[in-house]
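Novice: Take this structure first; my questions come after.
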Amino acid sequence: MRVGVCTLFSFRPHVEHAAYASALLESAGHELYGLTCDAAVAHCYSRDLRGFGRLRACSTCVAGGLRTYPVPRVTGMDRSIRGSLDAATRHRLTVSSVAVRIRTEPSTELKESEFLQAQQSLYEPIEIAYGNARRWIERSNLDAVLCFNGRMDLTAAVVTACEHAGVPYVTLERPWFGHGLHLVPNGNCLSLGTVGQFCDEYRNKPLTDSQSRLAGRMAAERFLQRNLLEWRVYNPESQRADWPGRGVGERVLILPSSRNEFEGHPDRMCPWPDYTWAMDRALDEIGASGADCVLRCHPSWAEKVGRNTGWRCERHYREWGGRRGFTVIPSADKSSTYDLIDACDLVLVNGSSAGMEAALKGKRVVSVGRCAWERAGFSVQIHDEQSIRRLRQSSVHDPQATVRAALRFMYTHARRYSQYVQYVRSLTTTRYDYFAGADPDQLCRALFVGQLSPDDPETASDDLKEAPVVDLVRKGAWLDLIQWDEQAPARAKLTVRRRHGLGWIDRLRQRLPRGDRMG
């Protein structure tokens, strides 16, 4: 079979991951064809996020790109080739990039002149990427395509070209918890279909002894802030915090995340024009007064992603919290979010990972937004007006069952949904080791059949081994839980490196901050 491999941005570690996946496909006898940008476009998410000039941005991207790895038959995009896309498609393919770059919050900001001008600057680039991808697919007679991300402008244009050409594809990303590869058949890195199916299959199946201990260790790493293989660690160097609310009723902790991270994705969008509308409905339904509520602005809003902080998000939520009479904690405040979770009765989120952390603390979790854990069984999901009634049906809460469901979800996402976990091992957020013995059929099934197999399908027949770990998590015995050391099987290490003489590129890049930190 003929397989295309496309990485138009040279973000670490994704080009290296694509090179590893290419080697797997070649070992199975498939013929590979690469596609890269080669500085063919004037604007893209990577360049605009950091505000770099074209010379600096494009030269860096080309130096770190697909051509520097031994991927055969790599084609560069030609800026004179351009496909035609209708207005609705141009909007769909650019909305995510611009929303993340500007860090928008309510949907009304998508109609502001700054947003619309930024979108329009990407229309020509995505039509160039789309036109080149269509030509590449047709001339190479491709049977499937492996593409990085699929969410941001140029990559979204490539997967749209695959869809229009009737060619299956898999998008590739770095996994949430570090180890392995995040592969999504016929969807992008935000798609929820496959992870939801895995949650459905495994949420009622107990973990084995080693699985339970690993899930417990992962939980401990988060609460001790040693989860350094995740892309970001939030609220570092936090300080002890007592509950600052003034009310005497049920304590509600509101932990919003940024809408822009999911803007425009059909799997992630709810009918709410603004998440605060949904939160208003939920709070009114449970009868929470403003004095009962503490709104903790997300710590990432005080940080730069590229050139921008999340000041728009913070302004929006602080104004809402002020109108409702909440106690509002700013994003830059060092108060421990985990202490606030400990002190509350209910956590209200719009899909952030804080919902999972609250579940690990045994708390009642309500989410008004879509998320990877929505079918894991530890939260009340409110996605529209009709689902508000679920709050009335969930008054009985079982903290132990909540912890158990959260641990099962963490294991499922990290070790079943993530692929090749034992063969692609994260050393840092950008550096990986690779090991021999991986089965290429696992990737081929995703590409040609459109299905993921669980990386670890094993389950236990009962919850006897799970129960002690659940108890330790409920007690917050993090130092006990983190002691367990996973014993990886002995395997020969593989070399995944750039072409001869280009190793200096990685040595230089290791001294630089990650791409979204370079403002």
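Letters A, B, ... mark the chains of the structure tokens in the order given; residue numbers begin at 1 per chain; ligand numbers begin at 1, in order shown.
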Set the distance at 7 Å and use only C-alpha atoms: which residues neighbour Val98 in chain A once local chain neighbours fewer than 6 positions away are removed? I'd like the list as number ranges by chain.
Specialist: A: 115, 118-119
Novice: Write out as an MDAnalysis selection string all residues of range 72-158 of chain A that backbone DSSP assigns to alpha helix (DSSP H).
Specialist: chainID A and resid 87:102 113:121 123:139 153:158
Novice: Save out the residues we just selected, C-alpha atoms, as a compact mmCIF listing (two decimals), in the first residue's frame.
Specialist:
# COMPACT_ATOMS: atom_id res chain seq x y z
CA ALA A 87 -16.38 30.38 2.60
CA ALA A 88 -17.78 27.99 5.21
CA THR A 89 -14.83 25.60 4.79
CA ARG A 90 -12.28 28.43 4.96
CA HIS A 91 -13.86 29.56 8.22
CA ARG A 92 -13.93 26.03 9.66
CA LEU A 93 -10.28 25.34 8.84
CA THR A 94 -8.97 28.57 10.38
CA VAL A 95 -11.16 29.18 13.42
CA SER A 96 -9.20 26.93 15.80
CA SER A 97 -5.79 28.41 14.93
CA VAL A 98 -6.91 31.99 15.37
CA ALA A 99 -8.95 31.32 18.52
CA VAL A 100 -5.96 29.71 20.22
CA ARG A 101 -3.53 32.38 19.05
CA ILE A 102 -5.70 35.30 20.20
CA SER A 113 -12.27 42.68 13.50
CA GLU A 114 -8.97 41.37 14.94
CA PHE A 115 -10.23 37.81 14.71
CA LEU A 116 -11.70 38.18 11.23
CA GLN A 117 -8.55 39.81 9.83
CA ALA A 118 -6.39 37.04 11.28
CA GLN A 119 -8.66 34.43 9.71
CA GLN A 120 -8.51 36.11 6.32
CA SER A 121 -4.70 36.10 6.40
CA TYR A 123 -7.27 31.77 3.66
CA GLU A 124 -4.61 31.71 0.97
CA PRO A 125 -2.24 29.46 3.00
CA ILE A 126 -4.93 26.85 3.63
CA GLU A 127 -5.93 26.83 -0.03
CA ILE A 128 -2.27 26.30 -0.96
CA ALA A 129 -2.01 23.44 1.55
CA TYR A 130 -5.30 21.94 0.36
CA GLY A 131 -4.38 22.18 -3.34
CA ASN A 132 -0.94 20.68 -2.80
CA ALA A 133 -2.34 17.87 -0.66
CA ARG A 134 -4.92 16.98 -3.31
CA ARG A 135 -2.24 16.87 -6.01
CA TRP A 136 0.10 14.86 -3.75
CA ILE A 137 -2.62 12.31 -2.94
CA GLU A 138 -3.59 11.90 -6.60
CA ARG A 139 -0.10 11.84 -8.13
CA ASP A 153 -5.00 25.57 9.63
CA LEU A 154 -2.48 23.85 7.29
CA THR A 155 -2.93 20.42 8.86
CA ALA A 156 -6.72 20.86 8.83
CA ALA A 157 -6.46 21.63 5.12
CA VAL A 158 -4.53 18.38 4.53
Novice: Residues of range 128-225 of chain A within 8 Å of range 431-455 of chain A: nearest atom pair and distance (Å, one decimal) for each, counting only C-alpha atoms, sorted by chain and number, as CSV?
Specialist:
residue,atom,partner,partner_atom,distance
A:Asp143,CA,A:Phe448,CA,7.9
A:Ala144,CA,A:Leu447,CA,6.2
A:Val145,CA,A:Leu447,CA,7.4
A:Leu146,CA,A:Leu447,CA,7.6
A:Pro168,CA,A:Leu447,CA,6.5
A:Tyr169,CA,A:Leu447,CA,5.8
A:Val170,CA,A:Leu447,CA,5.8
A:Leu183,CA,A:Ala446,CA,7.9
A:Val184,CA,A:Ala446,CA,7.7
A:Pro185,CA,A:Gly450,CA,5.1
A:Asn186,CA,A:Gly450,CA,6.7
A:Thr194,CA,A:Leu452,CA,7.7
A:Phe198,CA,A:Pro454,CA,7.9
Novice: Keeping N, CA and C atoms for every residue in the selection just given, could you write it to a file as a CSV table (one decimal), in the first residue's frame?
Specialist:
chain,number,residue,atom,x,y,z
A,143,ASP,N,-3.0,5.4,-0.7
A,143,ASP,CA,-4.1,4.6,-0.1
A,143,ASP,C,-4.5,5.1,1.3
A,144,ALA,N,-3.7,5.9,2.0
A,144,ALA,CA,-3.9,6.4,3.3
A,144,ALA,C,-2.9,7.5,3.6
A,145,VAL,N,-3.2,8.3,4.6
A,145,VAL,CA,-2.3,9.4,5.0
A,145,VAL,C,-2.1,9.4,6.5
A,146,LEU,N,-0.9,9.6,7.0
A,146,LEU,CA,-0.6,9.9,8.4
A,146,LEU,C,-0.2,11.4,8.4
A,168,PRO,N,-8.6,7.5,3.5
A,168,PRO,CA,-8.6,7.4,5.0
A,168,PRO,C,-7.3,8.0,5.5
A,169,TYR,N,-7.3,8.5,6.8
A,169,TYR,CA,-6.2,9.2,7.4
A,169,TYR,C,-6.2,8.9,8.9
A,170,VAL,N,-5.0,9.1,9.4
A,170,VAL,CA,-4.8,9.1,10.9
A,170,VAL,C,-4.0,10.3,11.3
A,183,LEU,N,-2.9,8.5,18.3
A,183,LEU,CA,-3.4,8.3,17.0
A,183,LEU,C,-4.9,8.4,16.9
A,184,VAL,N,-5.4,9.1,16.0
A,184,VAL,CA,-6.9,9.3,15.8
A,184,VAL,C,-7.2,9.0,14.4
A,185,PRO,N,-7.9,7.8,14.2
A,185,PRO,CA,-8.4,7.5,12.8
A,185,PRO,C,-9.5,8.4,12.3
A,186,ASN,N,-9.2,9.0,11.2
A,186,ASN,CA,-10.2,9.9,10.5
A,186,ASN,C,-10.8,11.0,11.4
A,194,THR,N,-13.4,8.0,19.4
A,194,THR,CA,-12.7,6.8,19.8
A,194,THR,C,-12.4,6.7,21.3
A,198,PHE,N,-13.7,3.8,24.0
A,198,PHE,CA,-12.8,3.1,25.0
A,198,PHE,C,-13.3,3.3,26.4
Novice: Nearest residue to Trp478 in chain A out of A:Arg47, A:Arg318, A:Arg56, A:Lys361, using only C-alpha atoms?
Specialist: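 Using only C-alpha atoms, the shortest distance to Trp478 in chain A belongs to A:Lys361.
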Novice: Looking at A:Leu427, A:Ala376, A:Cys297, A:Ala477, which one is nearest to Ser335 in chain A, with distances taken over only C-alpha atoms?
Specialist: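 Counting only C-alpha atoms, the residue closest to Ser335 in chain A is A:Cys297.
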Novice: Where does range 33-140 of chain A meet range 300-307 of chain A within 8 Å, residue by residue, with the nearest atom pair and distance in Å to one decimal for each, counting only C-alpha atoms, listed by chain and rising number, as a Markdown table?
Specialist:
| residue | atom | partner | partner_atom | distance |
| --- | --- | --- | --- | --- |
| A:Leu49 | CA | A:Gly306 | CA | 5.0 |
| A:Arg50 | CA | A:Gly306 | CA | 4.6 |
| A:Gly51 | CA | A:Arg307 | CA | 6.8 |
| A:Arg101 | CA | A:Gly306 | CA | 7.3 |
Novice: Going by DSSP on the backbone, which residues of range 429-487 of chain A come out as strand (DSSP E or B)? List them as a PyMOL selection string.
Specialist: chain A and resi 432-435
Novice: Looking at A:Pro244, A:Gly249, A:Gly322, A:Pro330, which one is nearest to Gly310 in chain A, with distances taken over only C-alpha atoms?
Specialist: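 Between A:Pro244, A:Gly249, A:Gly322, A:Pro330, the residue approaching Gly310 in chain A most closely is A:Pro330.
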Novice: Ranking A:Ser379, A:Ser257, A:Thr429, A:Ser27 by minimum distance to Thr402 in chain A and counting only C-alpha atoms, which one comes first?
Specialist: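 Counting only C-alpha atoms, the residue closest to Thr402 in chain A is A:Ser379.
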Novice: Near Trp320 in chain A, within 12 Å and counting only C-alpha atoms, which residues show up once chain neighbours fewer than 5 positions away are dropped, as a VMD selection string?
Specialist: chain A and resid 106 254 256 274 to 277 279 to 280 290 295 297 313 to 315 325 to 328
